[in-house]
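So this one's work-v5.pdb, PDB, C-alpha atoms:
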ATOM      1  CA  MET F   1      83.500  83.954  71.638  1.00  0.00           C
ATOM      2  CA  SER F   2      85.438  81.942  74.178  1.00  0.00           C
ATOM      3  CA  ALA F   3      86.903  83.611  77.260  1.00  0.00           C
ATOM      4  CA  ILE F   4      90.323  82.282  76.281  1.00  0.00           C
ATOM      5  CA  PHE F   5      90.519  84.392  73.130  1.00  0.00           C
ATOM      6  CA  ASN F   6      88.962  87.580  74.489  1.00  0.00           C
ATOM      7  CA  PHE F   7      91.278  89.281  76.999  1.00  0.00           C
ATOM      8  CA  GLN F   8      88.565  91.172  78.879  1.00  0.00           C
ATOM      9  CA  SER F   9      86.496  88.009  79.270  1.00  0.00           C
ATOM     10  CA  LEU F  10      89.561  86.145  80.518  1.00  0.00           C
ATOM     11  CA  LEU F  11      90.174  88.828  83.141  1.00  0.00           C
ATOM     12  CA  THR F  12      86.517  88.655  84.178  1.00  0.00           C
ATOM     13  CA  VAL F  13      86.678  84.879  84.588  1.00  0.00           C
ATOM     14  CA  ILE F  14      89.881  85.098  86.648  1.00  0.00           C
ATOM     15  CA  LEU F  15      88.417  87.829  88.848  1.00  0.00           C
ATOM     16  CA  LEU F  16      85.228  85.841  89.412  1.00  0.00           C
ATOM     17  CA  LEU F  17      87.308  82.744  90.240  1.00  0.00           C
ATOM     18  CA  ILE F  18      89.302  84.677  92.855  1.00  0.00           C
ATOM     19  CA  CYS F  19      86.154  86.155  94.433  1.00  0.00           C
ATOM     20  CA  THR F  20      84.316  82.832  94.441  1.00  0.00           C
ATOM     21  CA  CYS F  21      87.206  80.920  95.995  1.00  0.00           C
ATOM     22  CA  ALA F  22      87.668  83.554  98.705  1.00  0.00           C
ATOM     23  CA  TYR F  23      83.933  83.421  99.484  1.00  0.00           C
ATOM     24  CA  ILE F  24      83.879  79.618  99.646  1.00  0.00           C
ATOM     25  CA  ARG F  25      86.930  79.617 101.916  1.00  0.00           C
ATOM     26  CA  SER F  26      85.245  82.111 104.256  1.00  0.00           C
ATOM     27  CA  LEU F  27      82.190  79.846 104.557  1.00  0.00           C
ATOM     28  CA  ALA F  28      83.902  76.448 104.690  1.00  0.00           C
ATOM     29  CA  PRO F  29      87.699  76.660 105.023  1.00  0.00           C
ATOM     30  CA  SER F  30      88.190  72.894 105.160  1.00  0.00           C
ATOM     31  CA  VAL F  31      86.945  72.498 101.580  1.00  0.00           C
ATOM     32  CA  LEU F  32      89.869  74.398 100.065  1.00  0.00           C
ATOM     33  CA  ASP F  33      92.512  73.832 102.752  1.00  0.00           C
ATOM     34  CA  ARG F  34      92.799  70.100 102.169  1.00  0.00           C
ATOM     35  CA  ASN F  35      93.917  70.588  98.544  1.00  0.00           C
ATOM     36  CA  LYS F  36      96.906  72.936  98.738  1.00  0.00           C
ATOM     37  CA  THR F  37      98.937  71.192  96.040  1.00  0.00           C
ATOM     38  CA  GLY F  38      98.197  69.758  92.641  1.00  0.00           C
ATOM     39  CA  LEU F  39      95.532  70.809  90.196  1.00  0.00           C
ATOM     40  CA  LEU F  40      92.966  71.654  92.875  1.00  0.00           C
ATOM     41  CA  GLY F  41      95.581  73.797  94.610  1.00  0.00           C
ATOM     42  CA  ILE F  42      94.765  76.512  92.087  1.00  0.00           C
ATOM     43  CA  PHE F  43      91.511  77.171  93.951  1.00  0.00           C
ATOM     44  CA  TRP F  44      93.368  77.435  97.282  1.00  0.00           C
ATOM     45  CA  LYS F  45      95.823  79.892  95.716  1.00  0.00           C
ATOM     46  CA  CYS F  46      92.972  81.972  94.295  1.00  0.00           C
ATOM     47  CA  ALA F  47      91.370  82.070  97.750  1.00  0.00           C
ATOM     48  CA  ARG F  48      94.652  83.275  99.268  1.00  0.00           C
ATOM     49  CA  ILE F  49      94.926  86.013  96.652  1.00  0.00           C
ATOM     50  CA  GLY F  50      91.346  87.063  97.385  1.00  0.00           C
ATOM     51  CA  GLU F  51      92.020  87.199 101.127  1.00  0.00           C
ATOM     52  CA  ARG F  52      95.361  88.968 101.104  1.00  0.00           C
ATOM     53  CA  LYS F  53      94.713  91.398  98.277  1.00  0.00           C
ATOM     54  CA  SER F  54      91.043  92.057  99.021  1.00  0.00           C
ATOM     55  CA  PRO F  55      91.134  95.872  98.600  1.00  0.00           C
ATOM     56  CA  TYR F  56      92.777  95.500  95.201  1.00  0.00           C
ATOM     57  CA  VAL F  57      90.387  92.731  94.201  1.00  0.00           C
ATOM     58  CA  ALA F  58      87.437  94.911  95.242  1.00  0.00           C
ATOM     59  CA  VAL F  59      88.717  97.810  93.155  1.00  0.00           C
ATOM     60  CA  CYS F  60      89.197  95.469  90.194  1.00  0.00           C
ATOM     61  CA  CYS F  61      85.618  94.207  90.609  1.00  0.00           C
ATOM     62  CA  VAL F  62      84.249  97.754  90.566  1.00  0.00           C
ATOM     63  CA  VAL F  63      86.342  98.704  87.523  1.00  0.00           C
ATOM     64  CA  MET F  64      85.307  95.529  85.692  1.00  0.00           C
ATOM     65  CA  ALA F  65      81.639  96.102  86.505  1.00  0.00           C
ATOM     66  CA  PHE F  66      81.882  99.704  85.260  1.00  0.00           C
ATOM     67  CA  SER F  67      83.551  98.612  82.024  1.00  0.00           C
ATOM     68  CA  VAL F  68      81.032  95.842  81.382  1.00  0.00           C
ATOM     69  CA  LEU F  69      78.019  98.043  82.098  1.00  0.00           C
ATOM     70  CA  PHE F  70      79.016 101.310  80.484  1.00  0.00           C
ATOM     71  CA  ILE F  71      81.835 100.738  77.996  1.00  0.00           C
ATOM     72  CA  GLN F  72      80.693  97.661  76.107  1.00  0.00           C
TER      73      GLN F  72
END
Serialized structure, structure tokens:
Amino acid sequence: MSAIFNFQSLLTVILLLICTCAYIRSLAPSVLDRNKTGLLGIFWKCARIGERKSPYVAVCCVVMAFSVLFIQ
């Protein structure tokens, strides 16, 4: 089933996108900083969310991992 139609899979994809963008920006900030607007600006915005809300993102990652491993 596609991640678009399954809500839990959609949340997992969004959470992984936020974590990946924040990690890429920590390694090479110039990659994401040059595209702050437009379609590629989504990745910059995800990186900002991952940086500013990192405790909440970490808690969401732990909760998602617990639900994937033990509930499904």
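With only C-alpha atoms as the basis for measurement, F:Arg48 is the residue among F:Thr12, F:Val59, F:Arg48, F:Leu17 that approaches F:Lys36 most closely.
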Looking at F:Thr20, F:Val57, F:Leu69, F:Ala47, which one is nearest to F:Asp33, with distances taken over only C-alpha atoms?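 Checking each of F:Thr20, F:Val57, F:Leu69, F:Ala47 against F:Asp33, counting only C-alpha atoms, the winner is F:Ala47.
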Hey, what's within 12 Å of F:Ser54 if we count all atoms listed in the file and toss same-chain stuff fewer than 6 positions away? As number ranges by chain, please? F: 15, 18-19, 22-23, 46-48, 60-61
Nearest residue to F:Glu51 from the set F:Cys21, F:Leu11, F:Leu27, F:Val63 (distances using only C-alpha atoms):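 When distances to F:Glu51 are compared using only C-alpha atoms, the smallest one comes from F:Cys21.
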Rounded to one decimal place, report the atom CA of F:Arg25-atom CA of F:Phe43 distance in Å.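 Computed distance, atom CA of F:Arg25 to atom CA of F:Phe43, equals 9.5 Å.
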One number please: atom CA of F:Ile24 to atom CA of F:Val62, in Å, one decimal.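 Straight-line distance from atom CA of F:Ile24 to atom CA of F:Val62 works out to 20.3 Å.
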What is the distance, in Å and to one decimal place, between atom CA of F:Ser26 and atom CA of F:Leu10?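 About the pair atom CA of F:Ser26 and atom CA of F:Leu10: they are 24.5 Å apart.
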Out of F:Val31, F:Met64, F:Ile71, F:Ile14, which residue has the shortest atom-to-atom distance to F:Ile49 when counting all atoms listed in the file?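 Among F:Val31, F:Met64, F:Ile71, F:Ile14, it is F:Ile14 that comes nearest to F:Ile49.
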